[in-house]
>>> print(open('my_file24.txt').read())   # compact mmCIF, C-alpha atoms
# COMPACT_ATOMS: atom_id res chain seq x y z
CA MET A 1 261.10 26.71 -79.96
CA LYS A 2 263.90 26.93 -82.54
CA GLY A 3 267.26 28.53 -83.16
CA PRO A 4 268.30 31.50 -81.04
CA ALA A 5 265.44 31.20 -78.57
CA ALA A 6 266.35 27.55 -78.02
CA LEU A 7 269.94 28.49 -77.20
CA LEU A 8 268.77 31.05 -74.65
CA HIS A 9 266.40 28.51 -73.17
CA LEU A 10 269.22 25.96 -72.99
CA HIS A 11 271.31 28.43 -71.04
CA GLU A 12 268.50 29.19 -68.62
CA LEU A 13 268.05 25.45 -68.04
CA ASP A 14 271.76 25.12 -67.37
CA LEU A 15 271.46 27.86 -64.75
CA LEU A 16 268.59 25.97 -63.17
CA LEU A 17 270.51 22.70 -63.33
CA GLU A 18 273.48 24.34 -61.66
CA GLU A 19 271.19 25.49 -58.86
CA ALA A 20 269.47 22.10 -58.56
CA CYS A 21 272.80 20.27 -58.32
CA GLU A 22 274.45 22.57 -55.77
CA PRO A 23 274.57 20.71 -52.43
CA GLU A 24 273.39 23.68 -50.33
CA THR A 25 270.39 24.45 -52.51
CA ALA A 26 268.02 21.97 -50.87
CA LEU A 27 268.85 23.31 -47.42
CA ARG A 28 268.42 26.96 -48.40
CA LEU A 29 265.19 26.45 -50.30
CA ARG A 30 263.74 24.24 -47.56
CA ALA A 31 264.27 27.12 -45.14
CA LEU A 32 261.99 29.16 -47.39
CA GLY A 33 259.39 26.42 -47.55
CA LEU A 34 260.30 25.63 -51.14
CA GLY A 35 261.31 22.43 -52.85
CA THR A 36 264.36 21.90 -55.05
CA PRO A 37 263.94 21.30 -58.77
CA ASP A 38 264.68 17.65 -59.54
CA PRO A 39 268.04 17.65 -61.38
CA ASP A 40 267.03 14.60 -63.44
CA ARG A 41 263.87 16.31 -64.68
CA VAL A 42 265.79 19.46 -65.54
CA ALA A 43 268.43 17.38 -67.34
CA ARG A 44 265.75 15.61 -69.39
CA ALA A 45 264.19 18.93 -70.35
CA ARG A 46 267.65 20.12 -71.32
CA VAL A 47 268.13 17.20 -73.69
CA ARG A 48 264.86 18.06 -75.46
CA VAL A 49 265.78 21.73 -75.85
CA GLU A 50 269.31 20.91 -77.01
CA LEU A 51 267.83 19.11 -80.02
CA GLU A 52 266.32 22.43 -81.12
CA VAL A 53 269.61 24.31 -81.06
CA ASP A 54 271.57 24.96 -84.26
CA ARG A 55 274.36 22.37 -84.38
CA ARG A 56 277.23 24.79 -84.83
CA ALA A 57 276.04 27.15 -82.12
CA GLY A 58 275.39 24.18 -79.87
CA ALA A 59 278.94 22.91 -80.35
CA ALA A 60 280.41 26.34 -79.55
CA TYR A 61 278.16 26.58 -76.51
CA ALA A 62 279.18 23.11 -75.30
CA ARG A 63 282.91 23.86 -75.73
CA ALA A 64 282.66 27.10 -73.77
CA ARG A 65 280.50 25.46 -71.10
CA ASP A 66 283.02 22.65 -70.65
CA ARG A 67 285.87 25.11 -70.41
CA TYR A 68 284.36 27.94 -68.37
CA GLY A 69 281.28 26.47 -66.74
CA ARG A 70 279.06 28.85 -68.74
CA GLY A 71 278.57 28.63 -72.47
CA LEU A 72 276.85 31.92 -73.05
CA VAL A 73 277.49 35.38 -71.65
CA VAL A 74 276.07 38.82 -72.26
CA LEU A 75 277.78 41.27 -74.57
CA ARG A 76 277.36 44.69 -73.01
CA ASP A 77 278.71 47.87 -74.62
CA ARG A 78 281.02 45.73 -76.83
CA VAL A 79 282.48 44.07 -73.71
CA CYS A 80 282.41 40.29 -73.29
CA LEU A 81 281.14 39.80 -69.73
CA GLY A 82 283.02 36.50 -69.61
CA CYS A 83 286.61 37.69 -70.17
CA HIS A 84 285.94 41.49 -70.16
CA VAL A 85 287.71 42.10 -73.46
CA THR A 86 286.29 44.92 -75.62
CA LEU A 87 285.39 43.59 -79.03
CA PRO A 88 285.71 45.41 -82.37
CA ARG A 89 282.52 46.96 -83.72
CA SER A 90 282.62 44.65 -86.71
CA VAL A 91 281.69 41.60 -84.62
CA VAL A 92 278.97 43.21 -82.53
CA PRO A 93 275.62 41.66 -83.47
CA GLU A 94 272.26 43.36 -83.62
CA PRO A 95 270.28 43.46 -80.35
CA GLY A 96 269.03 39.94 -79.63
CA GLY A 97 271.77 38.46 -81.81
CA PHE A 98 274.75 36.22 -81.14
CA SER A 99 278.45 36.43 -81.78
CA THR A 100 281.60 34.68 -80.55
CA CYS A 101 284.22 36.30 -78.38
CA GLU A 102 287.49 36.31 -80.31
CA SER A 103 289.40 36.29 -77.05
CA CYS A 104 287.82 33.51 -74.97
CA GLY A 105 285.59 31.73 -77.47
CA ARG A 106 282.40 32.11 -75.45
CA LEU A 107 279.15 32.66 -77.24
CA LEU A 108 278.00 36.21 -76.74
CA TRP A 109 274.44 37.43 -76.64
CA ARG A 110 273.53 41.05 -77.00
CA ARG A 111 270.35 42.09 -75.17
CA MET B 1 247.54 49.67 -61.76
CA SER B 2 249.96 52.16 -60.23
CA THR B 3 253.56 51.18 -59.73
CA VAL B 4 256.34 52.80 -57.74
CA LEU B 5 259.54 52.51 -59.79
CA ILE B 6 262.83 52.76 -57.96
CA PRO B 7 265.65 50.98 -59.80
CA ALA B 8 267.74 49.57 -56.98
CA LEU B 9 267.83 46.35 -55.03
CA ASP B 10 267.22 48.04 -51.69
CA THR B 11 264.08 49.71 -52.95
CA PRO B 12 261.96 47.07 -54.62
CA LEU B 13 259.06 47.63 -56.97
CA CYS B 14 255.50 47.25 -55.70
CA ILE B 15 252.35 46.38 -57.64
CA PRO B 16 249.25 47.08 -55.54
CA GLU B 17 246.96 44.89 -57.64
CA LEU B 18 247.96 42.22 -60.12
CA GLY B 19 245.43 42.01 -62.93
CA PRO B 20 245.68 38.38 -63.99
CA ARG B 21 244.14 35.55 -62.00
CA ARG B 22 246.23 32.88 -63.66
CA ARG B 23 249.77 32.22 -62.54
CA ASP B 24 251.50 32.35 -65.93
CA ALA B 25 249.76 35.60 -66.91
CA ALA B 26 250.70 37.10 -63.53
CA LEU B 27 254.33 36.10 -64.13
CA LEU B 28 254.23 37.95 -67.46
CA GLU B 29 253.02 41.11 -65.76
CA LEU B 30 255.77 40.74 -63.16
CA ALA B 31 258.43 40.18 -65.82
CA ARG B 32 257.28 43.30 -67.69
CA CYS B 33 257.40 45.30 -64.50
CA ALA B 34 260.88 43.98 -63.69
CA LEU B 35 262.39 44.94 -67.03
CA GLY B 36 260.37 47.99 -67.98
CA ALA B 37 258.23 48.94 -70.98
CA SER B 38 261.20 49.39 -73.32
CA ARG B 39 262.25 45.74 -73.05
CA ALA B 40 259.11 43.87 -73.95
CA HIS B 41 260.99 41.17 -75.85
CA ASP B 42 263.33 40.45 -72.94
CA ALA B 43 260.33 40.42 -70.60
CA ALA B 44 258.74 37.71 -72.73
CA LEU B 45 261.92 35.64 -72.47
CA LEU B 46 262.20 36.22 -68.71
CA HIS B 47 258.58 35.17 -68.45
CA GLY B 48 259.50 31.92 -70.20
CA THR B 49 262.24 31.31 -67.66
CA LEU B 50 259.89 31.92 -64.73
CA VAL B 51 257.23 29.64 -66.16
CA THR B 52 259.83 26.94 -66.77
CA ARG B 53 260.91 27.19 -63.13
CA GLU B 54 257.32 26.66 -61.98
CA ARG B 55 257.10 23.49 -64.05
CA PHE B 56 259.83 21.94 -61.90
CA GLY B 57 258.00 22.72 -58.70
CA SER B 58 255.70 25.43 -57.40
CA THR B 59 257.42 28.43 -55.88
CA SER B 60 254.65 28.84 -53.35
CA PRO B 61 255.43 27.72 -49.80
CA GLY B 62 251.71 28.11 -49.01
CA ARG B 63 249.99 30.63 -46.68
CA GLY B 64 248.93 32.77 -49.64
CA LEU B 65 252.50 33.54 -50.66
CA ALA B 66 254.55 32.88 -53.81
CA LEU B 67 258.28 33.42 -54.40
CA PRO B 68 258.91 33.10 -58.13
CA ASN B 69 262.59 33.56 -58.82
CA ALA B 70 265.23 33.11 -61.49
CA ARG B 71 268.75 33.91 -62.54
CA SER B 72 268.54 35.10 -66.10
CA LEU B 73 270.48 36.60 -69.00
CA HIS B 74 267.62 39.02 -69.45
CA VAL B 75 268.17 40.65 -66.07
CA SER B 76 270.95 43.23 -65.86
CA GLU B 77 270.63 44.05 -62.16
CA PRO B 78 268.91 42.35 -59.23
CA ARG B 79 265.20 43.02 -59.04
CA MET B 80 262.67 42.41 -56.31
CA ILE B 81 258.97 42.99 -56.97
CA VAL B 82 256.18 42.62 -54.44
CA ALA B 83 252.69 42.31 -55.87
CA ARG B 84 249.22 41.79 -54.46
CA SER B 85 246.24 39.92 -55.75
CA ARG B 86 243.08 40.49 -53.76
CA ARG B 87 241.15 37.86 -55.68
CA GLY B 88 243.95 35.31 -55.37
CA ILE B 89 245.91 33.29 -57.93
CA ASP B 90 246.11 29.53 -58.21
CA TRP B 91 249.81 28.80 -57.75
CA SER B 92 249.59 25.04 -57.13
CA ALA B 93 250.57 25.74 -53.53
CA PRO B 94 251.12 22.76 -51.19
CA ASP B 95 248.24 23.93 -48.96
CA GLU B 96 246.07 24.45 -52.08
CA GLN B 97 245.33 28.01 -51.00
CA PRO B 98 245.25 30.86 -53.55
CA VAL B 99 248.19 33.25 -53.52
CA HIS B 100 247.54 36.88 -52.52
CA LEU B 101 251.12 38.08 -52.18
CA VAL B 102 253.83 37.46 -54.77
CA VAL B 103 257.49 38.32 -54.26
CA LEU B 104 259.51 38.03 -57.47
CA VAL B 105 263.29 37.88 -57.18
CA ALA B 106 265.29 38.08 -60.40
CA SER B 107 269.07 38.08 -60.58
CA PRO B 108 271.52 38.48 -63.47
CA ALA B 109 272.79 35.17 -64.89
CA GLU B 110 276.31 35.78 -63.58
CA THR B 111 275.04 35.89 -59.99
CA SER B 112 276.18 32.89 -57.96
CA VAL B 113 273.55 30.47 -56.70
CA GLU B 114 274.50 31.41 -53.15
CA ALA B 115 274.02 35.14 -53.77
CA HIS B 116 270.69 34.58 -55.51
CA HIS B 117 269.46 32.46 -52.61
CA ALA B 118 270.64 35.11 -50.17
CA LEU B 119 268.52 37.67 -51.99
CA LEU B 120 265.59 35.29 -52.02
CA GLY B 121 266.05 34.66 -48.31
CA ARG B 122 266.05 38.38 -47.63
CA ALA B 123 262.83 38.79 -49.58
CA TYR B 124 261.22 35.90 -47.73
CA ALA B 125 262.25 37.30 -44.35
CA ALA B 126 260.21 40.44 -45.11
CA VAL B 127 256.99 38.48 -45.67
CA ARG B 128 257.52 35.36 -43.59
CA LEU B 129 255.28 36.40 -40.70
CA ALA B 130 251.52 36.60 -41.05
CA ARG B 131 251.45 40.15 -39.64
CA GLN B 132 254.03 41.28 -42.20
CA ARG B 133 251.93 39.88 -45.01
CA GLN B 134 248.77 41.41 -43.55
CA ARG B 135 250.36 44.86 -43.38
CA LEU B 136 251.30 44.63 -47.04
CA LEU B 137 247.86 43.39 -48.04
CA GLU B 138 246.18 46.25 -46.14
CA ALA B 139 248.40 49.05 -47.47
CA GLU B 140 246.30 51.64 -49.29
CA ASP B 141 248.53 52.09 -52.34
CA ALA B 142 251.91 51.24 -53.88
CA ALA B 143 253.72 53.93 -51.91
CA ALA B 144 252.35 52.59 -48.62
CA MET B 145 253.26 49.04 -49.67
CA LEU B 146 256.78 50.20 -50.36
CA ARG B 147 257.09 51.94 -46.98
CA ARG B 148 255.90 48.85 -45.13
CA LEU B 149 258.11 46.59 -47.17
CA MET B 150 261.18 48.75 -46.49
CA GLU B 151 260.41 48.60 -42.77
CA ALA B 152 260.22 44.82 -42.98
CA LEU B 153 263.49 44.62 -44.97
CA ALA B 154 265.39 46.84 -42.55
>>> encode(input="my_file24.txt", output="structure tokens")
Amino acid sequence: MKGPAALLHLHELDLLLEEACEPETALRLRALGLGTPDPDRVARARVRVELEVDRRAGAAYARARDRYGRGLVVLRDRVCLGCHVTLPRSVVPEPGGFSTCESCGRLLWRR
Amino acid sequence: MSTVLIPALDTPLCIPELGPRRRDAALLELARCALGASRAHDAALLHGTLVTRERFGSTSPGRGLALPNARSLHVSEPRMIVARSRRGIDWSAPDEQPVHLVVLVASPAETSVEAHHALLGRAYAAVRLARQRQRLLEAEDAAAMLRRLMEALA
């Protein structure tokens, strides 16, 4: 897995890691008869995927993640779903592509 | 395969018979159903997320049931899909029994963990009891499955 797909995969792993680390998760999932993903295993998988991500995109992702808790958000109808600013048409990527929000600095992904 | 499509959380999608017998292939069919025919690429990515989740622990609590679930960028609104497999699917369940009823819950990435778990809990409540599962397994078609599921969700 390389490039853009790796960045998406990294984000999905971060969502899973967030869930695995939340204190109430174990209790809620146990009530459903399910186990909790091991945070250490998810973190190790994350390290492997992070190596596949383009360095520049990875740095932008890490900065936004540190600042906002999420490094990547969806761009929908030219609107950054992180800060809800409408972006100019000139920075809107093709479907499946990435851009950076000029307002908040988050990486944007257009479905 | 016939599918009842109603695009809202309170009216989930029902698949009366899942074709694949393998878990990962079944997850692909579920992902395609969740996102629709026009979003095949996103469905492939959602499938990847679901498969990844399984690698960190089976989402089957046993008793012939599976609850695959994920929060994902590829999901724009909450989706619940209930699917049957008469032949059964190996889901690495703790009781080693094949899965005959699958309830997929997919939430947008921006959904909080708490809200996603609440949705998952609601889905589980509709199939937790053996008689609830039996009613779904015996329904004659997707429309009947949906009616019985809505009764269980109410």
>>> atom_distance(input="my_file24.txt", atom1="CA of Glu50 in chain A", atom2="CA of His11 in chain A")
9.8 Å
>>> atom_distance(input="my_file24.txt", atom1="CA of His47 in chain B", atom2="CA of His9 in chain A")
11.3 Å
>>> interface_residues(input="my_file24.txt", of="chain A", to="chain B", cutoff="9 Å", atoms="all atoms listed in the file", output="PyMOL selection string")
chain A and resi 5+8-9+11-13+15-16+18-19+22+24-25+28-29+31-38+41-42+72-74+81+96+109+111
>>> closest_residue(input="my_file24.txt", among="B:Ile81, B:Leu65, B:Ala144, B:Val99", to="Leu129 in chain B", atoms="all atoms listed in the file")
B:Leu65
>>> closest_residue(input="my_file24.txt", among="B:Glu140, B:Ala26, B:Ile15, B:Glu151", to="Gly88 in chain B", atoms="all atoms listed in the file")
B:Ala26
>>> residues_around(input="my_file24.txt", residues="Ala43 in chain B", least_positions_apart="4", cutoff="9 Å", atoms="all atoms listed in the file", output="compact mmCIF listing (two decimals) with C-alpha atoms, in the frame of the given file")
# COMPACT_ATOMS: atom_id res chain seq x y z
CA LEU B 28 254.23 37.95 -67.46
CA GLU B 29 253.02 41.11 -65.76
CA LEU B 30 255.77 40.74 -63.16
CA ALA B 31 258.43 40.18 -65.82
CA ARG B 32 257.28 43.30 -67.69
CA CYS B 33 257.40 45.30 -64.50
CA ALA B 34 260.88 43.98 -63.69
CA LEU B 35 262.39 44.94 -67.03
CA GLY B 36 260.37 47.99 -67.98
CA ALA B 37 258.23 48.94 -70.98
CA ARG B 39 262.25 45.74 -73.05
CA HIS B 47 258.58 35.17 -68.45
CA GLY B 48 259.50 31.92 -70.20
CA HIS B 74 267.62 39.02 -69.45
>>> closest_residue(input="my_file24.txt", among="B:Val82, B:Leu27, B:Ala40, B:Leu18", to="Arg147 in chain B", atoms="all atoms listed in the file")
B:Val82
>>> atom_distance(input="my_file24.txt", atom1="CA of Ala64 in chain A", atom2="CA of Arg44 in chain A")
20.9 Å
>>> residues_around(input="my_file24.txt", residues="Pro16 in chain B", least_positions_apart="2", cutoff="10 Å", atoms="all atoms listed in the file", output="list in words")
Met1, Ser2, Thr3, Val4, Leu13, Cys14, Leu18, Gly19, Val82, Ala83, Arg84, Ser85, Arg86, Leu101, Leu136, Leu137, Glu138, Ala139, Glu140, Asp141, Ala142, Ala143, Ala144, Met145 and Leu146 of chain B
>>> write_last_selection(input="my_file24.txt", atoms="C-alpha atoms", output="mmCIF file, keeping the file's coordinate frame")
data_model
loop_
_atom_site.group_PDB
_atom_site.id
_atom_site.type_symbol
_atom_site.label_atom_id
_atom_site.label_comp_id
_atom_site.auth_asym_id
_atom_site.auth_seq_id
_atom_site.Cartn_x
_atom_site.Cartn_y
_atom_site.Cartn_z
ATOM 1 C CA MET B 1 247.540 49.670 -61.760
ATOM 2 C CA SER B 2 249.960 52.160 -60.230
ATOM 3 C CA THR B 3 253.560 51.180 -59.730
ATOM 4 C CA VAL B 4 256.340 52.800 -57.740
ATOM 5 C CA LEU B 13 259.060 47.630 -56.970
ATOM 6 C CA CYS B 14 255.500 47.250 -55.700
ATOM 7 C CA LEU B 18 247.960 42.220 -60.120
ATOM 8 C CA GLY B 19 245.430 42.010 -62.930
ATOM 9 C CA VAL B 82 256.180 42.620 -54.440
ATOM 10 C CA ALA B 83 252.690 42.310 -55.870
ATOM 11 C CA ARG B 84 249.220 41.790 -54.460
ATOM 12 C CA SER B 85 246.240 39.920 -55.750
ATOM 13 C CA ARG B 86 243.080 40.490 -53.760
ATOM 14 C CA LEU B 101 251.120 38.080 -52.180
ATOM 15 C CA LEU B 136 251.300 44.630 -47.040
ATOM 16 C CA LEU B 137 247.860 43.390 -48.040
ATOM 17 C CA GLU B 138 246.180 46.250 -46.140
ATOM 18 C CA ALA B 139 248.400 49.050 -47.470
ATOM 19 C CA GLU B 140 246.300 51.640 -49.290
ATOM 20 C CA ASP B 141 248.530 52.090 -52.340
ATOM 21 C CA ALA B 142 251.910 51.240 -53.880
ATOM 22 C CA ALA B 143 253.720 53.930 -51.910
ATOM 23 C CA ALA B 144 252.350 52.590 -48.620
ATOM 24 C CA MET B 145 253.260 49.040 -49.670
ATOM 25 C CA LEU B 146 256.780 50.200 -50.360
#
>>> residues_near_point(input="my_file24.txt", point="(276.2, 28.3, -74.4)", cutoff="9 Å", atoms="all atoms listed in the file", output="MDAnalysis selection string")
chainID A and resid 7:8 10:11 14 57:65 70:73 106:108
>>> residues_around(input="my_file24.txt", residues="Pro98 in chain B", least_positions_apart="4", cutoff="7 Å", atoms="only C-alpha atoms", output="NGL selection string")
:B and (64 or 88-91)
>>> build_atoms(input="my_file24.txt", residues="range 61-72 of chain A", atoms="N, CA, C and O atoms", output="compact mmCIF listing (two decimals), in the frame of the given file")
# COMPACT_ATOMS: atom_id res chain seq x y z
N TYR A 61 278.69 26.44 -77.87
CA TYR A 61 278.16 26.58 -76.51
C TYR A 61 278.72 25.49 -75.61
O TYR A 61 279.17 25.75 -74.49
N ALA A 62 278.71 24.25 -76.10
CA ALA A 62 279.18 23.11 -75.30
C ALA A 62 280.67 23.24 -74.98
O ALA A 62 281.10 22.96 -73.85
N ARG A 63 281.46 23.70 -75.97
CA ARG A 63 282.91 23.86 -75.73
C ARG A 63 283.15 24.89 -74.63
O ARG A 63 283.94 24.66 -73.71
N ALA A 64 282.47 26.03 -74.76
CA ALA A 64 282.66 27.10 -73.77
C ALA A 64 282.15 26.65 -72.39
O ALA A 64 282.77 26.94 -71.37
N ARG A 65 281.07 25.94 -72.38
CA ARG A 65 280.50 25.46 -71.10
C ARG A 65 281.46 24.50 -70.42
O ARG A 65 281.68 24.57 -69.20
N ASP A 66 282.05 23.60 -71.21
CA ASP A 66 283.02 22.65 -70.65
C ASP A 66 284.24 23.36 -70.11
O ASP A 66 284.81 22.97 -69.08
N ARG A 67 284.64 24.43 -70.80
CA ARG A 67 285.87 25.11 -70.41
C ARG A 67 285.67 26.09 -69.27
O ARG A 67 286.49 26.18 -68.36
N TYR A 68 284.54 26.84 -69.33
CA TYR A 68 284.36 27.94 -68.37
C TYR A 68 283.20 27.73 -67.40
O TYR A 68 283.01 28.52 -66.50
N GLY A 69 282.43 26.68 -67.61
CA GLY A 69 281.28 26.47 -66.74
C GLY A 69 280.03 27.16 -67.25
O GLY A 69 278.92 26.81 -66.89
N ARG A 70 280.18 28.16 -68.10
CA ARG A 70 279.06 28.85 -68.74
C ARG A 70 279.35 28.94 -70.24
O ARG A 70 280.45 29.31 -70.63
N GLY A 71 278.34 28.62 -71.03
CA GLY A 71 278.57 28.63 -72.47
C GLY A 71 278.18 29.91 -73.14
O GLY A 71 278.56 30.18 -74.28
N LEU A 72 277.42 30.72 -72.44
CA LEU A 72 276.85 31.92 -73.05
C LEU A 72 276.95 33.06 -72.05
O LEU A 72 276.64 32.89 -70.86
